[in-house]
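Asker: So here's coords18.cif (mmCIF, C-alpha atoms).
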```
data_query
loop_
_atom_site.label_atom_id
_atom_site.label_comp_id
_atom_site.auth_asym_id
_atom_site.auth_seq_id
_atom_site.Cartn_x
_atom_site.Cartn_y
_atom_site.Cartn_z
CA MET A 666 17.07 22.46 -27.26
CA THR A 667 17.82 19.07 -25.72
CA PRO A 668 15.48 17.58 -23.12
CA THR A 669 18.15 18.19 -20.44
CA GLN A 670 18.40 21.86 -21.43
CA ARG A 671 14.64 22.18 -21.34
CA LEU A 672 14.46 20.57 -17.89
CA ASN A 673 17.17 22.92 -16.64
CA ARG A 674 15.18 25.87 -17.96
CA PHE A 675 12.05 24.64 -16.14
CA ILE A 676 13.99 24.21 -12.88
CA ALA A 677 15.50 27.70 -13.22
CA LYS A 678 12.01 29.18 -12.72
CA TYR A 679 12.16 28.16 -9.04
CA THR A 680 13.94 29.90 -6.18
CA PRO A 681 17.63 29.00 -5.92
CA GLU A 682 16.94 26.98 -2.76
CA VAL A 683 14.13 24.89 -4.25
CA ALA A 684 16.03 24.46 -7.52
CA ALA A 685 19.16 23.26 -5.69
CA THR A 686 17.19 20.81 -3.55
CA GLY A 687 15.33 19.52 -6.60
CA ARG A 688 18.53 19.02 -8.60
CA ALA A 689 20.11 17.15 -5.68
CA VAL A 690 17.02 14.94 -5.32
CA LEU A 691 17.06 14.17 -9.05
CA LYS A 692 20.76 13.27 -8.84
CA LYS A 693 20.13 10.83 -5.98
CA MET A 694 17.12 9.28 -7.71
CA ARG A 695 19.08 8.87 -10.94
CA ALA A 696 21.87 7.14 -9.02
CA ARG A 697 19.33 4.66 -7.62
CA MET A 698 17.69 4.07 -11.02
CA PRO A 699 20.29 4.54 -13.77
CA GLY A 700 18.12 2.74 -16.33
CA ALA A 701 14.94 4.74 -15.77
CA TYR A 702 12.92 6.56 -18.34
CA GLU A 703 12.40 10.08 -17.07
CA MET A 704 9.24 11.83 -18.18
CA VAL A 705 8.97 15.57 -17.60
CA TYR A 706 5.67 17.37 -17.24
CA ASP A 707 5.75 21.12 -16.68
CA ASN A 708 2.16 21.27 -15.45
CA TYR A 709 -0.16 23.96 -14.15
CA ASN A 710 0.64 23.43 -10.44
CA ALA A 711 4.14 21.96 -10.49
CA LEU A 712 7.06 20.54 -12.43
CA VAL A 713 6.98 16.73 -12.35
CA VAL A 714 9.79 14.33 -13.29
CA GLY A 715 8.49 10.77 -13.39
CA PHE A 716 10.70 7.68 -13.19
CA SER A 717 9.58 4.53 -14.98
CA PRO A 718 11.12 1.23 -16.14
CA THR A 719 9.40 1.74 -19.53
CA GLU A 720 8.31 4.63 -21.74
CA ARG A 721 4.74 4.18 -20.52
CA PRO A 722 3.62 6.72 -17.91
CA SER A 723 1.31 4.09 -16.38
CA ASP A 724 4.42 2.07 -15.40
CA ALA A 725 5.99 4.97 -13.45
CA ILE A 726 7.11 4.22 -9.91
CA PHE A 727 8.19 7.61 -8.57
CA SER A 728 7.85 11.27 -9.38
CA VAL A 729 9.94 14.14 -8.13
CA ILE A 730 7.65 17.15 -7.83
CA PHE A 731 8.84 20.75 -7.72
CA PHE A 732 6.49 23.06 -5.85
CA PRO A 733 7.20 26.76 -5.23
CA ARG A 734 8.28 26.15 -1.61
CA TRP A 735 9.40 22.50 -1.48
CA ILE A 736 10.23 19.29 -3.28
CA SER A 737 8.16 16.14 -2.84
CA ILE A 738 8.70 12.58 -3.91
CA CYS A 739 5.61 10.76 -5.04
CA PHE A 740 5.37 7.00 -4.62
CA ILE A 741 2.91 6.09 -7.38
CA PHE A 742 1.97 2.82 -5.64
CA GLY A 743 2.67 4.11 -2.14
CA ALA A 744 -0.60 2.81 -0.67
CA TYR A 745 0.76 -0.72 -1.12
CA LEU A 746 4.07 -0.11 0.65
CA ASP A 747 4.83 -1.16 4.20
CA ASP A 748 5.28 2.18 5.99
CA PRO A 749 5.74 1.34 9.70
CA THR A 750 6.85 4.88 10.59
CA ASN A 751 3.87 6.45 8.77
CA ILE A 752 5.96 9.02 6.93
CA LEU A 753 4.00 8.84 3.69
CA GLN A 754 1.20 11.36 3.24
CA GLY A 755 -2.07 10.84 1.43
CA ALA A 756 -5.23 8.82 1.80
CA GLY A 757 -6.06 7.87 -1.78
CA LYS A 758 -6.29 4.34 -3.14
CA GLN A 759 -2.82 4.37 -4.71
CA VAL A 760 -0.51 7.41 -4.44
CA ARG A 761 1.45 8.57 -1.41
CA THR A 762 3.86 11.51 -1.15
CA LEU A 763 6.69 12.63 1.04
CA ARG A 764 7.76 16.25 1.38
CA LEU A 765 11.55 16.54 1.48
CA ALA A 766 13.32 19.19 3.53
CA ALA A 767 16.61 18.28 1.85
CA ALA A 768 17.96 15.72 -0.62
CA SER A 769 19.63 13.99 2.32
CA ASP A 770 16.15 12.94 3.51
CA LEU A 771 16.38 10.23 0.83
CA ASP A 772 19.27 8.68 2.78
CA GLY A 773 17.27 8.09 5.96
CA PRO A 774 16.56 4.42 6.76
CA ALA A 775 12.76 4.74 6.59
CA VAL A 776 12.82 6.48 3.20
CA ARG A 777 15.45 4.11 1.81
CA ALA A 778 13.28 1.16 2.86
CA LEU A 779 10.27 2.64 1.04
CA VAL A 780 12.30 3.32 -2.11
CA ASP A 781 13.75 -0.21 -1.97
CA GLN A 782 10.24 -1.71 -1.69
CA ALA A 783 9.00 0.30 -4.65
CA LEU A 784 12.03 -0.66 -6.74
CA GLU A 785 11.50 -4.37 -6.05
CA ASP A 786 8.22 -4.19 -7.96
CA ALA A 787 9.74 -2.20 -10.85
CA GLY A 788 11.87 -4.98 -12.24
CA PRO A 789 15.60 -5.06 -12.95
CA SER A 790 15.57 -2.90 -16.11
CA ILE A 791 15.26 0.34 -14.13
CA LEU A 792 18.43 -0.52 -12.21
CA LYS A 793 20.62 -1.23 -15.26
CA LYS A 794 23.14 1.38 -16.32
CA GLY A 795 23.10 2.99 -19.73
CA ARG A 796 19.37 2.93 -20.48
CA ARG A 797 18.37 6.26 -18.96
CA LYS A 798 16.24 8.40 -21.24
CA LEU A 799 14.86 11.87 -20.55
CA GLU A 800 11.81 13.06 -22.44
CA VAL A 801 9.73 16.22 -22.06
CA ARG A 802 6.16 14.99 -22.37
CA ALA A 803 4.07 18.10 -21.69
CA VAL A 804 4.48 21.82 -21.11
CA LEU A 805 1.41 23.83 -20.25
CA LYS A 806 1.35 27.46 -21.29
CA LYS A 807 -0.81 28.46 -18.34
CA GLN A 808 0.98 27.82 -15.06
CA ARG A 809 0.89 28.98 -11.50
CA PRO A 810 3.90 31.03 -10.41
CA ARG A 811 6.94 28.86 -9.72
CA ARG A 812 8.17 31.13 -6.94
CA PRO A 813 6.21 31.90 -3.78
CA PRO A 814 4.92 35.46 -3.44
CA ALA A 815 7.23 37.86 -1.65
CA ARG A 816 6.38 38.27 2.03
CA LEU A 817 5.19 41.72 2.97
CA LYS A 818 7.18 43.45 5.68
CA SER A 819 5.05 44.87 8.46
#
```
If you convert what's in this file into structure tokens, what do you get?
Answerer:
Amino acid sequence: MTPTQRLNRFIAKYTPEVAATGRAVLKKMRARMPGAYEMVYDNYNALVVGFSPTERPSDAIFSVIFFPRWISICFIFGAYLDDPTNILQGAGKQVRTLRLAAASDLDGPAVRALVDQALEDAGPSILKKGRRKLEVRAVLKKQRPRRPPARLKS
């Protein structure tokens, strides 16, 4: 199976709504970074697709994270970004996240400004066309359910 086929299989574990939002977010991120290395980790808690200018995970700039009920974008160096509208979540020394209601959230001026800032530090290679590479880096056998539990009717 190709890495793309494997990624599609991982995404198919999610509800149709989450899967569709996640695919749309990936499409928009790929359009912004056509030269990125994409590293896929099907982890215990979530499916993570990291975007990096190199094959080194430590150089990653963003991650798109699939959770059972939503999609988040992770700014790996988000603590260093100018966030005047305070839309980024997290209080750690480095990482900040943003929960997306829809892929169109990436088009908002505040989010675009944050993505632009992060890309400035990544270097021009991530923006060049034709270099994109997708690699599945890890798949854990033990995982939390990818779909939320069904709600009980009262």
Asker: If we count all atoms listed in the file, what is near Arg796 of chain A at a cut-off of 7 Å, once residues fewer than 2 positions away on the same chain are taken out, given as a PDB file with C-alpha atoms, in the coordinates of the input?
Answerer:
```pdb
ATOM      1  CA  PRO A 699      20.290   4.540 -13.770  1.00  0.00           C
ATOM      2  CA  GLY A 700      18.120   2.740 -16.330  1.00  0.00           C
ATOM      3  CA  ALA A 701      14.940   4.740 -15.770  1.00  0.00           C
ATOM      4  CA  LYS A 793      20.620  -1.230 -15.260  1.00  0.00           C
ATOM      5  CA  LYS A 794      23.140   1.380 -16.320  1.00  0.00           C
ATOM      6  CA  LYS A 798      16.240   8.400 -21.240  1.00  0.00           C
TER       7      LYS A 798
END
```
Asker: Within 7 Å of segment 705-711 of chain A, counting all atoms listed in the file, which residues show up once you throw out same-chain ones fewer than 5 positions away? Write them as a PyMOL selection string, please.
Answerer: chain A and resi 730-732+800-805+807-809
Asker: Run the PyMOL selection byres ((chain A and resi 695) around 12) mentally over the shown coordinates, then write out the matched residues as a PyMOL selection string, using the chain letters and numbers from the document.
Answerer: chain A and resi 688-694+696-703+714-717+727-729+791-799
Asker: Could you check which of A:Val683, A:Ile738, A:Leu712, A:Ala756 is closest to Val776 of chain A, using all atoms listed in the file?
Answerer: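 Among A:Val683, A:Ile738, A:Leu712, A:Ala756, it is A:Ile738 that comes nearest to Val776 of chain A.
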Asker: Between A:Ile726, A:Val780, A:Met666, A:Ala815, which is the closest to Met704 of chain A once you count all atoms listed in the file?
Answerer: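 Under the stated criterion, the closest residue is A:Ile726.
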Asker: Determine the residue set returned by the PyMOL selection byres ((chain A and resi 740) around 9) for the present structure, and present it as a VMD selection string.
Answerer: chain A and resid 726 to 728 738 to 739 741 to 744 746 753 759 to 763 779 to 780 783
Asker: Could you list as a ChimeraX atom specification every residue that has an atom within 10 Å of (7.8, 11.4, 8.1), using the file's coordinates and counting all atoms listed in the file?
Answerer: /A:748,750-754,763-765,770,775-776
Asker: Selection from above, C-alpha atoms, as a tab-separated table (two decimals), in the coordinates of the input, can you write it?
Answerer:
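The result, stored in part-v3.tsv:
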```
chain	number	residue	atom	x	y	z
A	748	ASP	CA	5.28	2.18	5.99
A	750	THR	CA	6.85	4.88	10.59
A	751	ASN	CA	3.87	6.45	8.77
A	752	ILE	CA	5.96	9.02	6.93
A	753	LEU	CA	4.00	8.84	3.69
A	754	GLN	CA	1.20	11.36	3.24
A	763	LEU	CA	6.69	12.63	1.04
A	764	ARG	CA	7.76	16.25	1.38
A	765	LEU	CA	11.55	16.54	1.48
A	770	ASP	CA	16.15	12.94	3.51
A	775	ALA	CA	12.76	4.74	6.59
A	776	VAL	CA	12.82	6.48	3.20
```
Asker: Excluding same-chain residues fewer than 5 positions from Thr686 of chain A, what lies within 8 Å of it counting all atoms listed in the file, as an MDAnalysis selection string?
Answerer: chainID A and resid 736 767:768
Asker: Quick one, how far is atom CA of Val713 of chain A from atom CA of Pro789 of chain A?
Answerer: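 Interatomic distance, atom CA of Val713 of chain A to atom CA of Pro789 of chain A: 23.4 Å.
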